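First up is the structure itself, then whatever we jot down about it.
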Amino acid sequence: METQIQVIDRLRESFRRGISKPEQFRREQLNSLISMIRDNEELFLKAVHKDLNKPKFEAIMSEMDILFNEAHYALSNLKTWMQPEYVGKNMATKLDDCFVRREPLGVVLIIGAWNYPVNLTLIPMVGAIAAGNCVIIKPSEVSAATESLIAELVPKYLSQECYAVIRGGPEETKALLKNRFDHIFYTGSQTVARSIMQAASVHLTPVTLELGGKCPTFIYGKVDFKAAAQRLVWAKFFNSGQSCVAPDYLLCSRATQDALVPAIIEALKKFYGEDPQTTPDLTRMVTLKHWNRVMEQLKSSKGKIVVGGESNQEEKYIAPTVVVDITADDSLMDQEIFGPVLPILTFESLQEGIDFVNTKEKPLALYVYSDESSVVRKVLEETSSGGFCSNDGIIHMAIPTLPFGGVGVSGSGSYHGRWSFETFSHRRACMMRGWALERLNSLRYPPYDENKLSW
Ligand code: NAD
């Protein structure tokens, strides 16, 4: 079996030979990736079910279709993206050709996370292939069934000269990171991201960090409680809250909370029935360690559970749970919840809520539900976050024309659609000059004469 270094060297040699660069090759590989997804859809669905008990519907929507669409979108736009971008010129350069050329970076490393284990590993790969790179992917070992399927299928469908899967957990990843890459694209926690950046700094490798954080959701002003509760419940409990863009906590007035909580309970019953443990439509916590962490946060909370709270360790199950009377120092406000627990904080005015959010780190996503456009505008203008969505949640990340990424500690860089292509490309500034206008050029040659500066 090849060592990590041998794999990297092999891909580097392929890149040097230019194998991954031609448009036709990129197209063939993207088409093969589409075939890989389509031919093996059932296997992928089984794998994510095994890893997370992911319902088929959620898996199709958030793993398969989104990836399929990204690959098709890249194929439809590749020609345009690859065109040189001609830029403005001045008097002195009017006879030159000045353009930006998107060039592949080289051998890039993509480190994926477990919560959407297909999507988060292969969608960045679509961008990296489209941009003409050689690619190493390192799926998360936590979602072991999907990791193993990706490792089996990628070499069968994609060029082994240009693409490889390296498996392993933290130790193998740390060893991998000692090598030089031309870009590192990391999805995961802020803690690990620090060591990724450190490792990258040794080789001055640029990084894209797709991280997480606590995504706030405001509900203020006039609002349709039934619709808001349904959209909120869907966004929060999709994948059992294990989404980087899941609404982490809710901010509203006490009167809104009083009207909203019954609507949330109603929506939960409608979606998951009287006993959510028996529905096939609810993902489980990925491992016992993750189950324990959320249970610990919940047990230490001083808030009052108004719905949910039940759990089953053997099944790694936590019922969709809503907790009220939460204060800023509550355990549920300590760190990203990343599980099916929704704390509600009450602030009488929207301004107090905004001020509170602005004392925190900038989140990956921020949501506001309101019938009043002035409320939506105010939240948009007075806060900052990676992405923003009004009157819904998490769905904005499925739009390939929008950049997906964080700001501040929720991440740096972005991807999806053209933004992925940009992330994995170098924008080479090109000036193609001929031999004309030598008299004009001579103005800048020594011997210098200051009178020439005012020309
Ligand atoms: P994880 O445990 O799957 O880790 C992510 C990757 O990092 C894996 O491939 C893993 O092998 C590797 N890794 C783990 N420890 C490492 C170490 N010490 N050194 C090097 N590599 C290491 O995922 P996670 O960290 O539990 O992910 C959860 C976090 O990721 C949450 O904060 C979530 O919000 C965030 N997230 C962000 C996005 C996004 O797109 N912005 C998507 C999903 C998850």
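Each chain in the structure tokens gets a letter, A, B, ..., in the order shown, and its residues are numbered from 1; ligands are numbered from 1 in order too.
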Next on the checklist: If we count only C-alpha atoms and set the cut-off at 7 Å, which residues sit around Gly221 (chain A), ignoring sequence neighbours fewer than 2 positions away in its own chain? Please answer as a ChimeraX atom specification.
Outcome noted: /A:223,370-372,375
Export of prior selection with C-alpha atoms as a PDB file, in the first residue's frame:
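Here's the written file selection-v9.pdb:
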ATOM      1  CA  VAL A 223     -45.242  37.115  12.714  1.00  0.00           C
ATOM      2  CA  SER A 370     -40.874  38.655  11.055  1.00  0.00           C
ATOM      3  CA  ASP A 371     -43.689  40.011   8.904  1.00  0.00           C
ATOM      4  CA  GLU A 372     -42.159  43.441   9.309  1.00  0.00           C
ATOM      5  CA  VAL A 375     -37.320  44.250  11.630  1.00  0.00           C
TER       6      VAL A 375
END
Next on the checklist: Considering only strand (DSSP E) as DSSP defines it on the backbone, what residues of region 15-165 of chain A qualify? List them as a list of chain:residue names.
Outcome noted: A:Glu85, A:Tyr86, A:Asp97, A:Cys98, A:Phe99, A:Val100, A:Arg101, A:Arg102, A:Glu103, A:Pro104, A:Val107, A:Val108, A:Leu109, A:Ile110, A:Ile111, A:Cys134, A:Val135, A:Ile136, A:Ile137, A:Lys138, A:Tyr163, A:Ala164, A:Val165
Item to check | Distance query Ala47 (chain A) at most 9 Å, only C-alpha atoms, self and fewer than 4 positions along chain excluded, as a PyMOL selection string | outcome: chain A and resi 42-43+51-52+143-149
Item to check | Nearest to Thr205 (chain A) by atom-to-atom distance, counting only C-alpha atoms, from A:His183, A:Gly106, A:Ser240, A:Phe44 | outcome: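 Checking each candidate against Thr205 (chain A), we get A:His183 as the closest.
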Checklist entry - Do you have the CA of Leu204 (chain A)-atom 19 (N, counted along the ligand's line) of ligand 1 distance handy? => result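 Atom-to-atom, CA of Leu204 (chain A) and atom 19 (N, counted along the ligand's line) of ligand 1 are spaced 17.6 Å apart.
Using only C-alpha atoms, the residues found no farther than 9 Å from Gln297 (chain A), other than those of its own chain fewer than 3 positions away, are A:Asn292, A:Arg293, A:Val294, A:Ser300, A:Ser301, A:Asp330, A:Ser331, A:Leu332, A:Met333, A:Asp334, A:Gln335, A:Ile337.
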Checklist entry - Counting only C-alpha atoms and all ligand atoms, what residues are within 9 Å of ligand 1, given as an MDAnalysis selection string? => result chainID A and resid 110:117 120:121 138:143 167:177 186:193 195:196 209:214 242:246 290 336:338 364 404:406 410:411 414
Next on the checklist: If we count only C-alpha atoms and set the cut-off at 12 Å, which residues sit around Thr278 (chain A), ignoring sequence neighbours fewer than 4 positions away in its own chain? Please answer as an MDAnalysis selection string.
Outcome noted: chainID A and resid 271:274 282:284 312 315 317:319
Checklist entry - Mind checking DSSP for region 191-321 of chain A and telling me the helix (DSSP H, G or I) residues as a ChimeraX atom specification? => result /A:191-203,225-241,254-272,276-278,288-300
Item to check | Close residues, Cys252 (chain A) itself excluded, 10 Å, only C-alpha atoms, min 2 positions apart in chain, as a list in words | outcome: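 Contacts, with the query itself left out: Thr217, Phe218, Ile219, Tyr220, Gly221, Leu250, Arg254, Ala255, Thr256, Gln257, Asp258, Leu260, Ile344, Leu345, Thr346, Phe347, Glu348, Ser349, Leu350, Glu352, Gly353 and Tyr369 of chain A.
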Output C-alpha atoms for every residue in the selection just made, as a JSON list (two decimals), in the first residue's frame.
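As a result, selection-v9.json now contains:
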[["chain", "number", "residue", "atom", "x", "y", "z"],
["A", 217, "THR", "CA", -32.50, 33.27, 15.38],
["A", 218, "PHE", "CA", -34.56, 36.39, 16.05],
["A", 219, "ILE", "CA", -38.34, 36.41, 16.13],
["A", 220, "TYR", "CA", -39.69, 39.94, 16.54],
["A", 221, "GLY", "CA", -42.61, 42.08, 15.46],
["A", 250, "LEU", "CA", -33.74, 31.78, 19.76],
["A", 254, "ARG", "CA", -41.71, 36.96, 26.48],
["A", 255, "ALA", "CA", -45.05, 37.56, 24.72],
["A", 256, "THR", "CA", -43.65, 36.03, 21.52],
["A", 257, "GLN", "CA", -42.28, 33.09, 23.47],
["A", 258, "ASP", "CA", -45.73, 32.49, 25.00],
["A", 260, "LEU", "CA", -44.46, 30.55, 19.86],
["A", 344, "ILE", "CA", -34.92, 30.44, 24.10],
["A", 345, "LEU", "CA", -33.63, 33.72, 25.52],
["A", 346, "THR", "CA", -36.05, 36.54, 26.06],
["A", 347, "PHE", "CA", -35.21, 40.16, 25.40],
["A", 348, "GLU", "CA", -38.10, 42.61, 25.42],
["A", 349, "SER", "CA", -36.71, 44.73, 22.61],
["A", 350, "LEU", "CA", -35.13, 43.75, 19.34],
["A", 352, "GLU", "CA", -31.42, 44.30, 23.30],
["A", 353, "GLY", "CA", -31.36, 41.06, 21.33],
["A", 369, "TYR", "CA", -38.51, 35.71, 11.40]]
Checklist entry - Counting only C-alpha atoms, which of A:Glu23, A:Glu70, A:Glu361, A:Thr3 gets nearest to Leu402 (chain A)? => result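 The closest residue to Leu402 (chain A) is A:Glu70.
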Next on the checklist: Quick check, in Å to one decimal: how far apart do CA of Thr80 (chain A) and CA of Gly417 (chain A) lie?
Outcome noted: 12.4 Å
Next on the checklist: What's around Ser390 (chain A) at 7 Å? Count only C-alpha atoms, leave out sequence neighbours fewer than 4 positions away in its own chain, and write the answer as number ranges by chain.
Outcome noted: A: 367-369, 376
Produce a table with one row for each residue of region 111-169 of chain A that has an atom at most 12 Å from any atom of region 426-449 of chain A, each row naming the nearest atom pair and its distance in Å at one decimal; use only C-alpha atoms; arrange rows by chain and rising residue number; format as a Markdown table.
| residue | atom | partner | partner_atom | distance |
| --- | --- | --- | --- | --- |
| A:Ala128 | CA | A:His426 | CA | 11.6 |
| A:Ala131 | CA | A:His426 | CA | 9.1 |
| A:Gly132 | CA | A:His426 | CA | 10.7 |
| A:Asn133 | CA | A:His426 | CA | 10.7 |
Once you have the residues from the selection above, write them out as a PDB file, in the first residue's frame, restricted to C-alpha atoms.
ATOM      1  CA  ALA A 128     -11.434  21.540  -6.968  1.00  0.00           C
ATOM      2  CA  ALA A 131     -10.718  24.370 -11.256  1.00  0.00           C
ATOM      3  CA  GLY A 132      -8.273  21.776 -12.660  1.00  0.00           C
ATOM      4  CA  ASN A 133      -6.509  20.634  -9.489  1.00  0.00           C
TER       5      ASN A 133
END
